[in-house]
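What follows is a short report on a single structure.
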Amino acid sequence: MAAELHVELVAADRKVWSGEATLVVARTTSGDIGVMPGHQPLLGVLESGPVTIRTSDGETVVVAAHGGFISFADNKLSLLAEIAELSDEIDVQRAERALERAQAAADASAERRADVRLRSVAAR
């Protein structure tokens, strides 16, 4: 069994993160899933939520992902998100304001996106 897997996380508009990892945790429609080297092949639908990547050098990368697909085969993991942001790129104050606006407008979709962004920052 290989000690690492290759990860490609892309959004509709850009490549968000690419590299070697020992563990990736993401939320799917079936629940949270952890993928390690040698995992069985899979194809799933991503739910909005933080994606946590434990890199080969021991770093942790957290990404706020909103919808998309996850695929694993031959020790290559692909995460294709509709929208994705590295937690380091998220402006916390802006996300908090977005959450407040979404709650005031009773916009569940916008509220979920803002909540995922804030949870991703908290998980760094």
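In the structure tokens, the first chain shown is A, the next is B, and so on; residue numbers restart at 1 for each chain, and ligands run from 1 in the order shown.
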- Message: For Glu82 in chain A, find every residue with an atom within 10 Å (counting only C-alpha atoms), except residues of its own chain fewer than 5 positions away, and show them as a list of chain:residue names.
- Response: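 My reading of the contact set: A:Val10, A:Ala11, A:Ala12, A:Asp13, A:Leu46, A:Ser48, A:Ala65, A:His66, A:Gly67, A:Gly68, A:Phe69.
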- Enumerate, as a list in words, the complete set of residues in range 58-120 of chain A that a backbone-based DSSP assignment places in strand (DSSP E).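 Matching residues for strand (DSSP E) in range 58-120 of chain A are Thr60, Val61, Val62, Val63, Ala64, Ala65, His66, Gly67, Gly68, Phe69, Ile70, Ser71, Phe72, Ala73, Lys76, Leu77, Ser78, Leu79, Leu80, Ala81, Glu82, Ile83, Ala84, Glu85 and Leu86 of chain A.
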Convert the current residue selection to file output with N, CA, C and O atoms, as a JSON list (two decimals), in the first residue's frame.
```json
[["chain", "number", "residue", "atom", "x", "y", "z"],
["A", 60, "THR", "N", -1.77, 20.77, 7.47],
["A", 60, "THR", "CA", -3.20, 20.58, 7.26],
["A", 60, "THR", "C", -3.72, 21.73, 6.41],
["A", 60, "THR", "O", -3.51, 22.90, 6.74],
["A", 61, "VAL", "N", -4.38, 21.39, 5.32],
["A", 61, "VAL", "CA", -5.00, 22.36, 4.43],
["A", 61, "VAL", "C", -6.50, 22.18, 4.57],
["A", 61, "VAL", "O", -7.01, 21.06, 4.47],
["A", 62, "VAL", "N", -7.21, 23.29, 4.80],
["A", 62, "VAL", "CA", -8.67, 23.24, 4.91],
["A", 62, "VAL", "C", -9.26, 24.10, 3.80],
["A", 62, "VAL", "O", -8.82, 25.22, 3.57],
["A", 63, "VAL", "N", -10.26, 23.54, 3.13],
["A", 63, "VAL", "CA", -10.91, 24.21, 2.02],
["A", 63, "VAL", "C", -12.42, 24.22, 2.26],
["A", 63, "VAL", "O", -12.99, 23.21, 2.65],
["A", 64, "ALA", "N", -13.05, 25.38, 2.04],
["A", 64, "ALA", "CA", -14.51, 25.46, 2.07],
["A", 64, "ALA", "C", -14.99, 25.07, 0.68],
["A", 64, "ALA", "O", -14.72, 25.77, -0.29],
["A", 65, "ALA", "N", -15.66, 23.93, 0.58],
["A", 65, "ALA", "CA", -16.12, 23.43, -0.71],
["A", 65, "ALA", "C", -17.65, 23.45, -0.73],
["A", 65, "ALA", "O", -18.30, 23.12, 0.26],
["A", 66, "HIS", "N", -18.20, 23.84, -1.86],
["A", 66, "HIS", "CA", -19.65, 23.95, -2.00],
["A", 66, "HIS", "C", -20.10, 23.13, -3.21],
["A", 66, "HIS", "O", -19.98, 23.58, -4.35],
["A", 67, "GLY", "N", -20.56, 21.93, -2.96],
["A", 67, "GLY", "CA", -21.07, 21.08, -4.01],
["A", 67, "GLY", "C", -19.99, 20.55, -4.93],
["A", 67, "GLY", "O", -18.86, 21.01, -4.92],
["A", 68, "GLY", "N", -20.35, 19.54, -5.70],
["A", 68, "GLY", "CA", -19.42, 18.98, -6.66],
["A", 68, "GLY", "C", -19.34, 17.46, -6.56],
["A", 68, "GLY", "O", -20.28, 16.81, -6.12],
["A", 69, "PHE", "N", -18.17, 16.93, -6.93],
["A", 69, "PHE", "CA", -17.98, 15.48, -6.97],
["A", 69, "PHE", "C", -16.63, 15.10, -6.39],
["A", 69, "PHE", "O", -15.69, 15.88, -6.41],
["A", 70, "ILE", "N", -16.56, 13.87, -5.89],
["A", 70, "ILE", "CA", -15.31, 13.30, -5.39],
["A", 70, "ILE", "C", -15.11, 11.96, -6.10],
["A", 70, "ILE", "O", -16.06, 11.20, -6.28],
["A", 71, "SER", "N", -13.88, 11.72, -6.52],
["A", 71, "SER", "CA", -13.56, 10.49, -7.24],
["A", 71, "SER", "C", -12.20, 10.00, -6.78],
["A", 71, "SER", "O", -11.26, 10.78, -6.65],
["A", 72, "PHE", "N", -12.10, 8.69, -6.53],
["A", 72, "PHE", "CA", -10.82, 8.10, -6.14],
["A", 72, "PHE", "C", -10.60, 6.81, -6.91],
["A", 72, "PHE", "O", -11.47, 5.94, -6.94],
["A", 73, "ALA", "N", -9.42, 6.70, -7.54],
["A", 73, "ALA", "CA", -9.00, 5.48, -8.23],
["A", 73, "ALA", "C", -7.50, 5.55, -8.43],
["A", 73, "ALA", "O", -6.94, 6.64, -8.62],
["A", 76, "LYS", "N", -5.33, 8.23, -6.80],
["A", 76, "LYS", "CA", -5.52, 9.61, -7.22],
["A", 76, "LYS", "C", -6.91, 10.06, -6.79],
["A", 76, "LYS", "O", -7.90, 9.43, -7.17],
["A", 77, "LEU", "N", -6.96, 11.12, -6.00],
["A", 77, "LEU", "CA", -8.23, 11.67, -5.52],
["A", 77, "LEU", "C", -8.50, 12.97, -6.23],
["A", 77, "LEU", "O", -7.67, 13.88, -6.24],
["A", 78, "SER", "N", -9.67, 13.06, -6.84],
["A", 78, "SER", "CA", -10.10, 14.29, -7.50],
["A", 78, "SER", "C", -11.33, 14.82, -6.79],
["A", 78, "SER", "O", -12.29, 14.09, -6.57],
["A", 79, "LEU", "N", -11.26, 16.09, -6.42],
["A", 79, "LEU", "CA", -12.41, 16.78, -5.85],
["A", 79, "LEU", "C", -12.74, 17.91, -6.80],
["A", 79, "LEU", "O", -11.93, 18.80, -7.03],
["A", 80, "LEU", "N", -13.92, 17.86, -7.39],
["A", 80, "LEU", "CA", -14.36, 18.84, -8.36],
["A", 80, "LEU", "C", -15.50, 19.62, -7.73],
["A", 80, "LEU", "O", -16.62, 19.12, -7.64],
["A", 81, "ALA", "N", -15.21, 20.81, -7.23],
["A", 81, "ALA", "CA", -16.20, 21.60, -6.51],
["A", 81, "ALA", "C", -16.79, 22.70, -7.38],
["A", 81, "ALA", "O", -16.10, 23.24, -8.25],
["A", 82, "GLU", "N", -18.04, 23.01, -7.13],
["A", 82, "GLU", "CA", -18.66, 24.14, -7.82],
["A", 82, "GLU", "C", -17.95, 25.43, -7.40],
["A", 82, "GLU", "O", -17.60, 26.26, -8.23],
["A", 83, "ILE", "N", -17.75, 25.58, -6.09],
["A", 83, "ILE", "CA", -17.04, 26.72, -5.52],
["A", 83, "ILE", "C", -16.13, 26.17, -4.44],
["A", 83, "ILE", "O", -16.54, 25.30, -3.67],
["A", 84, "ALA", "N", -14.91, 26.67, -4.36],
["A", 84, "ALA", "CA", -13.98, 26.24, -3.31],
["A", 84, "ALA", "C", -13.02, 27.37, -2.97],
["A", 84, "ALA", "O", -12.55, 28.07, -3.86],
["A", 85, "GLU", "N", -12.75, 27.52, -1.66],
["A", 85, "GLU", "CA", -11.82, 28.55, -1.18],
["A", 85, "GLU", "C", -10.92, 27.95, -0.11],
["A", 85, "GLU", "O", -11.40, 27.28, 0.79],
["A", 86, "LEU", "N", -9.63, 28.20, -0.22],
["A", 86, "LEU", "CA", -8.71, 27.83, 0.85],
["A", 86, "LEU", "C", -9.08, 28.64, 2.08],
["A", 86, "LEU", "O", -9.41, 29.83, 1.98]]
```
- Task: Rank nothing, just name the residue among A:Ala21, A:Val45, A:Pro37, A:Arg117 nearest to Glu59 in chain A, using only C-alpha atoms.
- Result: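 Closest to Glu59 in chain A, using only C-alpha atoms: A:Ala21.
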- Shell of 12 Å around Glu4 in chain A, only C-alpha atoms, local chain residues under 4 positions omitted, as an MDAnalysis selection string: chainID A and resid 19:24 35:39 53:58 74:77
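Within range 1-119 of chain A, DSSP applied to the backbone places the following residues in alpha helix (DSSP H): Val92, Gln93, Arg94, Ala95, Glu96, Arg97, Ala98, Leu99, Glu100, Arg101, Ala102, Gln103, Ala104, Ala105, Ala108, Ser109, Ala110, Glu111, Arg112, Arg113, Ala114, Asp115, Val116, Arg117, Leu118 and Arg119 of chain A.
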- Item | Neighbour list for range 92-94 of chain A as number ranges by chain, cut-off 12 Å, only C-alpha atoms, skip fewer than 4 positions in-chain | A: 87-88, 98-101, 114-122
Residue subset to file, keeping N, CA, C and O atoms, as a compact mmCIF listing (two decimals), in the first residue's frame:
```txt
# COMPACT_ATOMS: atom_id res chain seq x y z
N SER A 87 -9.00 28.04 3.26
CA SER A 87 -9.39 28.75 4.48
C SER A 87 -8.54 30.00 4.69
O SER A 87 -9.03 31.00 5.22
N ASP A 88 -7.29 29.98 4.23
CA ASP A 88 -6.41 31.15 4.35
C ASP A 88 -6.89 32.33 3.51
O ASP A 88 -6.50 33.46 3.75
N ALA A 98 -21.83 38.17 5.77
CA ALA A 98 -22.64 37.40 4.82
C ALA A 98 -23.60 36.48 5.56
O ALA A 98 -24.76 36.32 5.15
N LEU A 99 -23.14 35.88 6.65
CA LEU A 99 -23.99 35.01 7.46
C LEU A 99 -25.14 35.82 8.05
O LEU A 99 -26.30 35.39 8.02
N GLU A 100 -24.84 36.97 8.59
CA GLU A 100 -25.88 37.83 9.17
C GLU A 100 -26.91 38.23 8.12
O GLU A 100 -28.13 38.19 8.37
N ARG A 101 -26.46 38.63 6.93
CA ARG A 101 -27.38 39.02 5.85
C ARG A 101 -28.25 37.84 5.45
O ARG A 101 -29.45 37.99 5.23
N ALA A 114 -22.06 30.62 3.95
CA ALA A 114 -21.32 31.45 4.92
C ALA A 114 -20.89 30.61 6.12
O ALA A 114 -19.76 30.75 6.61
N ASP A 115 -21.76 29.72 6.56
CA ASP A 115 -21.42 28.86 7.71
C ASP A 115 -20.25 27.94 7.38
O ASP A 115 -19.34 27.76 8.19
N VAL A 116 -20.24 27.37 6.19
CA VAL A 116 -19.14 26.49 5.76
C VAL A 116 -17.83 27.28 5.72
O VAL A 116 -16.79 26.80 6.15
N ARG A 117 -17.88 28.50 5.21
CA ARG A 117 -16.67 29.33 5.16
C ARG A 117 -16.13 29.57 6.56
O ARG A 117 -14.93 29.45 6.80
N LEU A 118 -17.02 29.89 7.51
CA LEU A 118 -16.57 30.16 8.88
C LEU A 118 -16.06 28.89 9.56
O LEU A 118 -15.06 28.92 10.29
N ARG A 119 -16.71 27.76 9.31
CA ARG A 119 -16.23 26.49 9.90
C ARG A 119 -14.87 26.09 9.33
O ARG A 119 -14.02 25.53 10.03
N SER A 120 -14.64 26.42 8.06
CA SER A 120 -13.36 26.10 7.43
C SER A 120 -12.23 26.92 8.05
O SER A 120 -11.14 26.41 8.27
N VAL A 121 -12.51 28.18 8.34
CA VAL A 121 -11.50 29.03 8.98
C VAL A 121 -11.22 28.51 10.39
O VAL A 121 -10.06 28.43 10.82
N ALA A 122 -12.25 28.10 11.11
CA ALA A 122 -12.09 27.61 12.47
C ALA A 122 -11.30 26.30 12.51
O ALA A 122 -10.64 25.99 13.51
```
- Task: Using only C-alpha atoms, pick whichever of A:Pro50, A:Ser18, A:Val7, A:Ser109 has the shortest atom-to-atom distance to Asp32 in chain A.
- Result: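 Checking each candidate against Asp32 in chain A, we get A:Pro50 as the closest.
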- Tell me, in Å to one decimal, how far CA of Ala26 in chain A is from CA of Asp91 in chain A.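 Distance between the two atoms: 21.9 Å.
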- CA of Glu96 in chain A to CA of Glu111 in chain A: how many Å, to one decimal? 10.0 Å
- Query: What does the distance between CA of Ala3 in chain A and CA of Pro41 in chain A come to in Å, to one decimal place?
  - Reply: 16.5 Å
